[in-house]
$ cat my_file.cif   # mmCIF, C-alpha atoms and all ligand atoms
data_target
loop_
_atom_site.label_atom_id
_atom_site.label_comp_id
_atom_site.auth_asym_id
_atom_site.auth_seq_id
_atom_site.Cartn_x
_atom_site.Cartn_y
_atom_site.Cartn_z
CA MET A 1 -29.59 1.10 29.44
CA PHE A 2 -27.74 3.86 27.61
CA LYS A 3 -24.88 2.83 25.35
CA CYS A 4 -22.90 5.48 23.51
CA SER A 5 -23.25 5.09 19.76
CA ARG A 6 -19.88 6.72 19.16
CA CYS A 7 -17.54 4.86 21.47
CA GLY A 8 -19.65 2.03 22.88
CA ASN A 9 -19.31 3.27 26.45
CA LYS A 10 -21.96 2.01 28.88
CA ASP A 11 -20.14 2.67 32.14
CA PRO A 12 -22.50 4.80 34.29
CA ARG A 13 -19.51 6.72 35.68
CA TYR A 14 -19.03 8.28 32.26
CA ILE A 15 -22.66 8.97 31.50
CA GLY A 16 -23.99 12.44 32.18
CA TYR A 17 -27.51 13.82 31.92
CA LYS A 18 -28.70 17.00 30.33
CA ASN A 19 -32.44 17.79 30.28
CA GLU A 20 -32.87 14.21 31.46
CA GLN A 21 -31.25 12.93 28.27
CA PRO A 22 -28.16 10.79 28.71
CA TYR A 23 -24.93 11.69 26.96
CA CYS A 24 -21.46 10.16 26.92
CA ARG A 25 -18.81 12.02 28.86
CA ARG A 26 -16.06 9.80 27.57
CA CYS A 27 -16.12 11.00 23.98
CA ILE A 28 -17.86 14.36 24.37
CA ILE A 29 -14.79 16.11 22.93
CA PHE A 30 -15.38 14.30 19.66
CA SER A 31 -18.19 16.36 18.27
CA GLY A 32 -18.34 18.04 14.91
CA SER A 33 -19.66 17.38 11.46
CA GLY A 34 -19.45 13.87 10.11
CA ALA A 35 -18.38 12.98 6.59
CA LYS A 36 -20.97 12.26 3.91
CA GLU A 37 -20.57 9.35 1.57
CA ASN A 38 -18.05 10.19 -1.14
CA ASP A 39 -19.70 10.13 -4.58
CA GLY A 40 -16.71 11.46 -6.53
CA LYS A 41 -15.06 8.10 -7.04
CA THR A 42 -13.01 7.66 -10.19
CA TYR A 43 -12.80 3.85 -10.31
CA GLN A 44 -9.28 4.18 -11.60
CA SER A 45 -5.85 4.45 -10.18
CA LYS A 46 -2.30 4.71 -11.34
CA LEU A 47 0.45 3.74 -8.97
CA GLU A 48 3.55 5.79 -9.67
CA LEU A 49 6.46 4.34 -7.82
CA HIS A 50 9.91 5.25 -9.04
CA TYR A 51 11.78 2.52 -7.28
CA GLU A 52 11.39 -1.23 -6.87
CA LEU A 53 10.21 -3.03 -3.79
CA SER A 54 12.56 -5.59 -2.24
CA SER A 55 11.60 -9.25 -2.55
CA GLU A 56 10.45 -9.28 1.11
CA GLN A 57 8.32 -6.20 0.51
CA THR A 58 6.78 -7.68 -2.62
CA GLU A 59 5.96 -10.92 -0.84
CA ALA A 60 4.39 -9.06 2.10
CA SER A 61 2.46 -6.80 -0.24
CA ASN A 62 1.01 -9.85 -2.05
CA ARG A 63 0.02 -11.47 1.22
CA ILE A 64 -1.84 -8.31 2.26
CA LEU A 65 -3.66 -8.25 -1.08
CA SER A 66 -4.82 -11.83 -0.79
CA ALA A 67 -5.84 -11.48 2.88
CA ILE A 68 -7.97 -8.40 2.13
CA ARG A 69 -9.50 -10.13 -0.93
CA ASN A 70 -10.53 -12.91 1.43
CA GLY A 71 -12.03 -10.50 3.93
CA ARG A 72 -9.37 -10.94 6.60
CA ASP A 73 -7.79 -8.19 8.67
CA VAL A 74 -4.01 -7.81 8.62
CA LEU A 75 -1.46 -6.99 11.29
CA ILE A 76 1.99 -5.97 10.07
CA ASN A 77 4.82 -6.32 12.54
CA ALA A 78 7.83 -4.72 10.93
CA VAL A 79 11.11 -3.21 12.06
CA CYS A 80 11.66 0.52 11.59
CA GLY A 81 12.80 1.17 8.07
CA ALA A 82 11.37 -2.08 6.68
CA GLY A 83 9.36 0.18 4.38
CA LYS A 84 5.94 -0.39 5.88
CA THR A 85 4.11 2.29 3.97
CA GLU A 86 5.05 0.80 0.60
CA LEU A 87 3.52 -2.52 1.64
CA VAL A 88 -0.01 -1.15 1.39
CA PHE A 89 0.27 0.69 -1.94
CA ALA A 90 -0.95 -2.33 -3.93
CA VAL A 91 -3.95 -2.98 -1.71
CA ILE A 92 -4.88 0.73 -1.80
CA LYS A 93 -4.66 0.71 -5.59
CA GLU A 94 -6.95 -2.29 -5.88
CA ALA A 95 -9.48 -0.73 -3.49
CA LEU A 96 -9.51 2.51 -5.49
CA ILE A 97 -10.18 0.69 -8.76
CA LYS A 98 -13.10 -1.09 -7.13
CA GLY A 99 -14.45 2.26 -5.90
CA ARG A 100 -13.91 1.38 -2.28
CA GLN A 101 -13.45 4.02 0.38
CA VAL A 102 -9.92 4.06 1.78
CA GLY A 103 -8.77 5.56 5.09
CA PHE A 104 -5.23 5.88 6.42
CA ALA A 105 -5.16 6.75 10.12
CA ILE A 106 -2.11 7.69 12.19
CA PRO A 107 -2.01 8.98 15.76
CA ARG A 108 0.23 11.95 15.02
CA ARG A 109 -0.54 14.98 12.90
CA ASP A 110 3.01 15.43 11.63
CA VAL A 111 3.01 11.92 10.23
CA VAL A 112 -0.42 12.49 8.64
CA ILE A 113 1.09 15.40 6.71
CA GLU A 114 4.07 13.26 5.58
CA ILE A 115 1.94 10.29 4.48
CA HIS A 116 -0.53 12.56 2.70
CA LYS A 117 2.33 14.01 0.67
CA ARG A 118 3.67 10.56 -0.20
CA LEU A 119 0.29 9.14 -1.22
CA LYS A 120 -0.42 12.17 -3.41
CA ASN A 121 2.84 11.48 -5.24
CA VAL A 122 2.24 7.78 -5.78
CA PHE A 123 -1.48 8.07 -6.66
CA PRO A 124 -1.53 11.19 -8.85
CA ARG A 125 -4.97 10.47 -10.37
CA ASN A 126 -6.91 10.09 -7.15
CA LYS A 127 -8.22 12.59 -4.67
CA ILE A 128 -6.15 12.18 -1.54
CA ILE A 129 -7.04 14.46 1.37
CA ALA A 130 -5.59 15.07 4.82
CA VAL A 131 -7.85 15.57 7.85
CA TYR A 132 -6.56 16.65 11.26
CA GLY A 133 -7.36 19.18 13.96
CA GLY A 134 -7.41 22.60 12.30
CA ASN A 135 -7.67 21.07 8.83
CA ASN A 136 -11.08 19.47 8.57
CA GLU A 137 -13.14 21.61 6.20
CA GLU A 138 -12.99 18.99 3.49
CA LEU A 139 -13.89 15.49 4.62
CA GLN A 140 -14.42 13.56 1.40
CA GLY A 141 -11.71 12.04 -0.72
CA GLU A 142 -10.91 8.72 -2.34
CA VAL A 143 -8.22 8.25 0.27
CA VAL A 144 -8.64 10.08 3.57
CA VAL A 145 -5.38 10.39 5.54
CA LEU A 146 -6.33 11.39 9.06
CA THR A 147 -5.34 11.50 12.69
CA SER A 148 -6.98 8.79 14.78
CA HIS A 149 -8.80 11.58 16.65
CA GLN A 150 -10.69 12.49 13.48
CA LEU A 151 -12.06 8.97 12.94
CA TYR A 152 -15.21 9.94 14.81
CA ARG A 153 -16.34 11.86 11.72
CA TYR A 154 -16.46 8.66 9.71
CA GLU A 155 -19.10 6.30 10.98
CA SER A 156 -19.09 2.89 9.28
CA TYR A 157 -17.30 4.54 6.39
CA PHE A 158 -14.09 2.84 5.32
CA ASP A 159 -14.00 -0.34 3.24
CA LEU A 160 -10.25 -0.43 3.74
CA LEU A 161 -8.78 1.24 6.79
CA ILE A 162 -5.04 1.36 7.36
CA MET A 163 -3.74 2.27 10.77
CA ASP A 164 -0.06 2.99 11.25
CA GLU A 165 1.85 3.30 14.52
CA THR A 166 -0.86 1.66 16.56
CA ASP A 167 1.55 1.52 19.47
CA ALA A 168 2.05 5.28 19.53
CA PHE A 169 0.62 7.69 21.99
CA PRO A 170 -2.21 8.74 22.00
CA PHE A 171 -3.87 5.72 20.35
CA HIS A 172 -2.26 3.02 22.43
CA GLY A 173 -4.37 1.89 25.37
CA ASN A 174 -7.03 4.50 24.67
CA PRO A 175 -10.36 2.63 24.60
CA VAL A 176 -12.26 5.55 23.08
CA LEU A 177 -9.91 5.85 20.11
CA GLU A 178 -9.85 2.08 19.65
CA ALA A 179 -13.65 1.99 19.62
CA MET A 180 -13.76 4.86 17.09
CA PHE A 181 -11.37 2.91 14.91
CA LYS A 182 -13.60 -0.17 14.86
CA ARG A 183 -16.72 1.94 14.38
CA SER A 184 -15.38 3.75 11.32
CA CYS A 185 -14.29 0.56 9.55
CA ARG A 186 -17.06 -1.27 7.68
CA GLY A 187 -14.69 -3.46 5.68
CA ASN A 188 -11.24 -4.74 6.63
CA TYR A 189 -8.28 -3.10 8.24
CA VAL A 190 -4.51 -3.28 8.09
CA MET A 191 -2.68 -2.35 11.30
CA MET A 192 1.02 -1.58 11.27
CA SER A 193 3.56 -1.24 14.01
CA ALA A 194 7.26 -1.55 14.70
CA THR A 195 7.01 -2.35 18.37
CA LEU A 196 4.22 -4.85 18.99
CA THR A 197 4.05 -6.76 22.25
CA GLU A 198 3.60 -10.54 22.39
CA THR A 199 0.14 -9.98 23.91
CA GLN A 200 -0.99 -7.80 21.02
CA ILE A 201 0.23 -10.38 18.50
CA LYS A 202 -1.45 -13.29 20.30
CA LYS A 203 -4.72 -11.40 20.66
CA PHE A 204 -4.80 -10.67 16.96
CA ALA A 205 -3.83 -14.22 15.97
CA SER A 206 -6.73 -15.63 17.99
CA SER A 207 -9.16 -13.39 16.08
CA GLY A 208 -8.23 -15.12 12.81
CA GLY A 209 -6.38 -12.24 11.13
CA GLU A 210 -3.28 -12.46 8.97
CA ILE A 211 0.00 -11.59 10.69
CA ILE A 212 2.92 -10.47 8.58
CA SER A 213 6.35 -9.99 10.13
CA LEU A 214 9.12 -8.16 8.39
CA ASP A 215 12.34 -8.46 10.30
CA ARG A 216 14.58 -7.02 7.71
CA ARG A 217 15.10 -3.51 6.47
CA TYR A 218 14.26 -3.17 2.79
CA HIS A 219 17.89 -2.48 1.91
CA GLY A 220 19.11 -5.59 3.76
CA TYR A 221 21.41 -3.84 6.25
CA PRO A 222 20.97 -4.44 9.98
CA LEU A 223 19.46 -1.90 12.35
CA PRO A 224 22.10 0.32 13.92
CA VAL A 225 22.87 -0.80 17.47
CA PRO A 226 23.03 2.20 19.84
CA ASP A 227 26.31 3.10 21.58
CA VAL A 228 25.89 3.92 25.24
CA ILE A 229 28.05 6.80 26.51
CA LEU A 230 27.86 7.31 30.27
CA LEU A 231 29.02 10.73 31.48
CA LEU A 232 28.05 12.82 34.48
CA GLY A 233 26.60 16.32 34.40
CA ILE A 234 28.21 18.90 32.16
CA LEU A 235 30.58 16.32 30.65
CA LYS A 236 27.63 15.19 28.57
CA HIS A 237 27.35 18.68 27.08
CA PHE A 238 31.01 18.72 26.08
CA PHE A 239 30.82 15.25 24.60
CA LEU A 240 27.79 16.33 22.59
CA ILE A 241 29.58 19.34 21.19
CA ARG A 242 32.62 17.30 20.16
CA LYS A 243 30.43 14.66 18.57
CA LEU A 244 28.28 17.19 16.73
CA ARG A 245 31.36 18.86 15.30
CA SER A 246 32.71 15.58 14.01
CA PHE A 247 29.34 14.62 12.43
CA LEU A 248 29.04 18.01 10.77
CA ALA A 249 32.63 17.85 9.51
CA GLU A 250 31.55 14.73 7.59
CA ASN A 251 28.43 16.50 6.35
CA LYS A 252 26.11 14.27 8.31
CA PRO A 253 22.79 15.73 9.50
CA VAL A 254 21.97 15.10 13.19
CA PHE A 255 18.95 14.90 15.46
CA VAL A 256 19.70 15.51 19.15
CA PHE A 257 16.77 14.25 21.22
CA ALA A 258 16.01 16.02 24.50
CA PRO A 259 13.46 14.67 26.98
CA THR A 260 11.22 17.73 27.51
CA ILE A 261 10.31 20.97 25.75
CA ASP A 262 12.18 23.07 28.34
CA LYS A 263 15.29 20.93 28.16
CA CYS A 264 15.09 20.99 24.38
CA GLU A 265 15.13 24.80 24.30
CA ASP A 266 17.85 25.07 26.98
CA LEU A 267 20.07 22.55 25.24
CA SER A 268 19.55 24.30 21.91
CA VAL A 269 20.59 27.65 23.43
CA PHE A 270 23.74 26.06 24.84
CA VAL A 271 24.74 23.99 21.83
CA THR A 272 24.11 26.62 19.15
CA LYS A 273 26.59 28.88 20.96
CA TRP A 274 29.32 26.32 20.30
CA VAL A 275 28.23 24.71 17.05
CA ARG A 276 26.63 26.78 14.34
CA GLY A 277 23.88 25.68 11.97
CA GLY A 278 21.35 24.27 14.40
CA THR A 279 17.94 25.06 15.85
CA TYR A 280 15.24 23.31 17.85
CA VAL A 281 11.82 21.77 17.21
CA HIS A 282 9.09 20.59 19.54
CA SER A 283 5.33 20.29 19.48
CA LYS A 284 4.82 23.89 20.64
CA ARG A 285 6.93 25.39 17.88
CA LEU A 286 4.31 26.41 15.33
CA ASP A 287 6.61 26.75 12.32
CA ARG A 288 8.18 23.34 12.81
CA GLN A 289 7.07 22.05 9.38
CA GLU A 290 9.06 24.94 7.90
CA VAL A 291 12.04 24.16 10.12
CA ILE A 292 11.98 20.50 9.06
CA LYS A 293 11.76 21.56 5.42
CA ASP A 294 14.76 23.85 5.87
CA PHE A 295 16.62 21.04 7.62
CA ARG A 296 16.00 18.73 4.66
CA LYS A 297 17.29 21.42 2.32
CA GLY A 298 20.46 21.67 4.40
CA LYS A 299 19.80 25.14 5.78
CA TYR A 300 20.12 23.62 9.24
CA LYS A 301 22.78 21.01 9.94
CA TYR A 302 21.29 19.68 13.15
CA LEU A 303 18.08 19.87 15.16
CA VAL A 304 17.61 19.63 18.90
CA THR A 305 14.21 17.98 19.21
CA THR A 306 11.72 16.36 21.56
CA ALA A 307 9.96 13.09 20.77
CA VAL A 308 8.01 15.00 18.12
CA LEU A 309 10.54 13.69 15.55
CA GLU A 310 10.62 10.19 17.04
CA ARG A 311 8.61 8.79 14.13
CA GLY A 312 7.73 9.41 10.55
CA VAL A 313 10.56 11.65 9.38
CA THR A 314 13.12 10.08 7.05
CA VAL A 315 16.36 11.96 6.44
CA LYS A 316 19.25 10.61 4.40
CA ASN A 317 22.46 9.91 6.35
CA LEU A 318 20.92 11.00 9.65
CA GLN A 319 22.84 10.47 12.92
CA VAL A 320 21.12 10.49 16.30
CA VAL A 321 22.11 11.44 19.84
CA VAL A 322 19.64 10.87 22.70
CA PHE A 323 20.61 13.38 25.36
CA GLU A 324 19.78 12.43 28.98
CA CYS A 325 18.70 9.05 27.73
CA ASP A 326 18.04 7.91 31.31
CA HIS A 327 15.04 10.24 31.56
CA GLU A 328 11.80 8.46 32.46
CA ILE A 329 10.09 9.69 29.29
CA TYR A 330 12.10 7.20 27.23
CA SER A 331 10.57 3.73 27.13
CA ALA A 332 12.25 0.83 25.35
CA SER A 333 9.84 1.18 22.45
CA SER A 334 10.40 4.92 22.03
CA LEU A 335 14.18 4.33 22.06
CA ILE A 336 13.76 1.65 19.38
CA GLN A 337 11.76 4.10 17.29
CA ILE A 338 14.39 6.79 17.72
CA ALA A 339 17.22 4.41 16.78
CA GLY A 340 15.14 3.43 13.76
CA ARG A 341 15.48 6.97 12.36
CA VAL A 342 19.04 6.09 11.33
CA GLY A 343 20.12 4.29 8.16
CA ARG A 344 16.77 4.30 6.40
CA LYS A 345 18.02 5.10 2.90
CA LYS A 346 19.44 2.58 0.49
CA ASP A 347 22.41 4.80 -0.39
CA ALA A 348 23.11 5.57 3.29
CA PRO A 349 22.01 2.43 5.14
CA GLN A 350 24.05 2.89 8.28
CA GLY A 351 24.82 5.51 10.88
CA GLU A 352 25.39 6.17 14.56
CA VAL A 353 22.89 6.15 17.39
CA ILE A 354 24.25 7.41 20.71
CA PHE A 355 22.52 7.04 24.05
CA LEU A 356 24.15 9.80 26.14
CA SER A 357 23.31 9.42 29.76
CA ASP A 358 24.29 9.52 33.45
CA ARG A 359 23.45 5.87 33.88
CA LYS A 360 22.10 2.88 32.03
CA THR A 361 18.37 2.28 32.45
CA ARG A 362 16.28 -0.81 31.95
CA ALA A 363 14.62 0.85 28.93
CA MET A 364 18.02 1.40 27.29
CA GLU A 365 19.04 -2.20 27.90
CA GLU A 366 15.77 -3.53 26.57
CA ALA A 367 15.96 -1.39 23.45
CA ILE A 368 19.48 -2.60 22.67
CA TYR A 369 18.55 -6.22 23.40
CA HIS A 370 15.53 -5.94 21.08
CA ILE A 371 17.57 -4.39 18.24
CA ARG A 372 20.30 -7.05 18.55
CA ALA A 373 17.69 -9.81 18.56
CA LYS A 374 16.06 -8.41 15.42
CA ASN A 375 19.43 -8.22 13.69
CA LYS A 376 20.19 -11.82 14.57
CA SER A 377 16.91 -13.02 13.14
CA MET A 378 17.62 -11.34 9.81
CA PRO A 379 18.60 -13.70 7.02
CA ASN A 380 21.45 -12.90 4.60
CA VAL A 381 22.70 -9.75 6.20
CA LEU A 382 24.80 -7.87 3.69
ZN ZN B 401 -18.97 7.86 23.89
#
$ encode --input "my_file.cif" --output "structure tokens"
Amino acid sequence: MFKCSRCGNKDPRYIGYKNEQPYCRRCIIFSGSGAKENDGKTYQSKLELHYELSSEQTEASNRILSAIRNGRDVLINAVCGAGKTELVFAVIKEALIKGRQVGFAIPRRDVVIEIHKRLKNVFPRNKIIAVYGGNNEELQGEVVVLTSHQLYRYESYFDLLIMDETDAFPFHGNPVLEAMFKRSCRGNYVMMSATLTETQIKKFASSGGEIISLDRRYHGYPLPVPDVILLLGILKHFFLIRKLRSFLAENKPVFVFAPTIDKCEDLSVFVTKWVRGGTYVHSKRLDRQEVIKDFRKGKYKYLVTTAVLERGVTVKNLQVVVFECDHEIYSASSLIQIAGRVGRKKDAPQGEVIFLSDRKTRAMEEAIYHIRAKNKSMPNVL
């Protein structure tokens, strides 16, 4: 019987035939050149980190090191802003010194670009490359930061594979991508997420891996609990304008989340008429990296955005409004992620998260319940 060597599929419904040769229809889109073994290893590494890890981060980082040394996989369950990325710096450094091949996979391209930049800064002596759709000429580096879609190029390749945001679309519940992940890892992996389900945790525990939970933000402050503002129709627009003005008067940058691309553009047209200094971003806006850069520099004071900025982007003193929060696109876990954008910096650890909506949905209630529960479980809140 035919079994796909790329994704492991053997379901006859997804097997096609060409010239009487079977091929897999499930992963046919994943074709392109594969990466050759990297022979440019330096067997050295310098970790340049200009700030200290918290005691929780240091402890977690040490546990990851010892688990990987003992050949065990690791699952990190950490709240947004717990500083997950820093937790793997030490284990990456050790792998580089041993000449091991390191991969860092993330479902979203925007986050790949962010992490690539960060890793280049902290490991200045090593070759760190980014691989994603439209940027895949060079496939070999000492650390390959890539979208999960690009994993198919790396068969049995990584001695240490880190996967962030495993719960994010499009990785979550996608058997082809999950199979590609396992196929490209020949050593051990570290999976990270902020919104794991009980089932995912139990499944991993039964496979003998190491589970590390980090319920506290690295700066010790609690997660901001969203305020729910219920207003009908156009009243939401006027509330938003008043709120934006008061945030901007205090020099606070703002993300306004809108549920769809069309609504994002419409809302941006409306709001920018009343409040200057804003623009919009969504996945179809091609210069969005530029826009985000300009926003960081302060050229824009607020951004109307879709879920494209739900993860990965850290902005000091950011405030967040979720417009039409009752829209079906918002699940509890995406609302938790969005709320987690706020208060990520040590010198600005708090801020406002506003769910602006016609009505209260189950997802909103669950998100708030989850955030409150996490805050309660945190020891020594400042
Ligand atoms: Zn396949």
$ residues_near_ligand --input "my_file.cif" --ligand "ligand ZN 401 (chain B)" --cutoff "12 Å" --atoms "all atoms listed in the file" --output "NGL selection string"
:A and (2-16 or 22-31 or 152 or 175-180 or 183)
$ atom_distance --input "my_file.cif" --atom1 "CA of Leu47 in chain A" --atom2 "CA of Phe123 in chain A"
5.3 Å
$ atom_distance --input "my_file.cif" --atom1 "CA of Arg362 in chain A" --atom2 "CA of Ser213 in chain A"
25.7 Å
$ atom_distance --input "my_file.cif" --atom1 "CA of Lys243 in chain A" --atom2 "CA of Glu352 in chain A"
10.7 Å
$ closest_residue --input "my_file.cif" --among "A:Asn126, A:Gln140, A:Thr42, A:Thr305" --to "Lys98 in chain A" --atoms "only C-alpha atoms"
A:Thr42
$ closest_residue --input "my_file.cif" --among "A:Ser54, A:Gln101, A:Gln337, A:Gln44" --to "Glu142 in chain A" --atoms "all atoms listed in the file"
A:Gln101
$ residues_around --input "my_file.cif" --residues "Leu286 in chain A" --least-positions-apart "6" --cutoff "12 Å" --atoms "only C-alpha atoms" --output "PyMOL selection string"
chain A and resi 110+280+292
$ closest_atom_pairs --input "my_file.cif" --of "range 280-353 of chain A" --to "range 263-274 of chain A" --cutoff "10 Å" --atoms "all atoms listed in the file" --output "CSV"
residue,atom,partner,partner_atom,distance
A:Tyr280,CA,A:Ser268,CA,6.0
A:Val281,CA,A:Cys264,CA,7.9
A:His282,CA,A:Cys264,CA,7.7
A:Tyr302,CA,A:Thr272,CA,9.6
A:Leu303,CA,A:Ser268,CA,8.2
A:Val304,CA,A:Ser268,CA,5.9
A:Thr305,CA,A:Cys264,CA,6.0
A:Thr306,CA,A:Cys264,CA,6.4
A:Phe323,CA,A:Leu267,CA,9.2
A:Glu324,CA,A:Lys263,CA,9.6
$ closest_residue --input "my_file.cif" --among "A:Glu365, A:Glu210, A:Asp358, A:Asp167" --to "Ser193 in chain A" --atoms "all atoms listed in the file"
A:Asp167
$ axis_aligned_box --input "my_file.cif" --around "range 83-96 of chain A" --padding-each-side "5 Å" --output "AutoDock Vina command-line options"
--center_x -0.1 --center_y -0.2 --center_z 0.0 --size_x 28.9 --size_y 15.5 --size_z 21.8
$ closest_residue --input "my_file.cif" --among "A:Thr166, A:Asp347, A:Phe295, A:Phe355" --to "Phe257 in chain A" --atoms "only C-alpha atoms"
A:Phe355
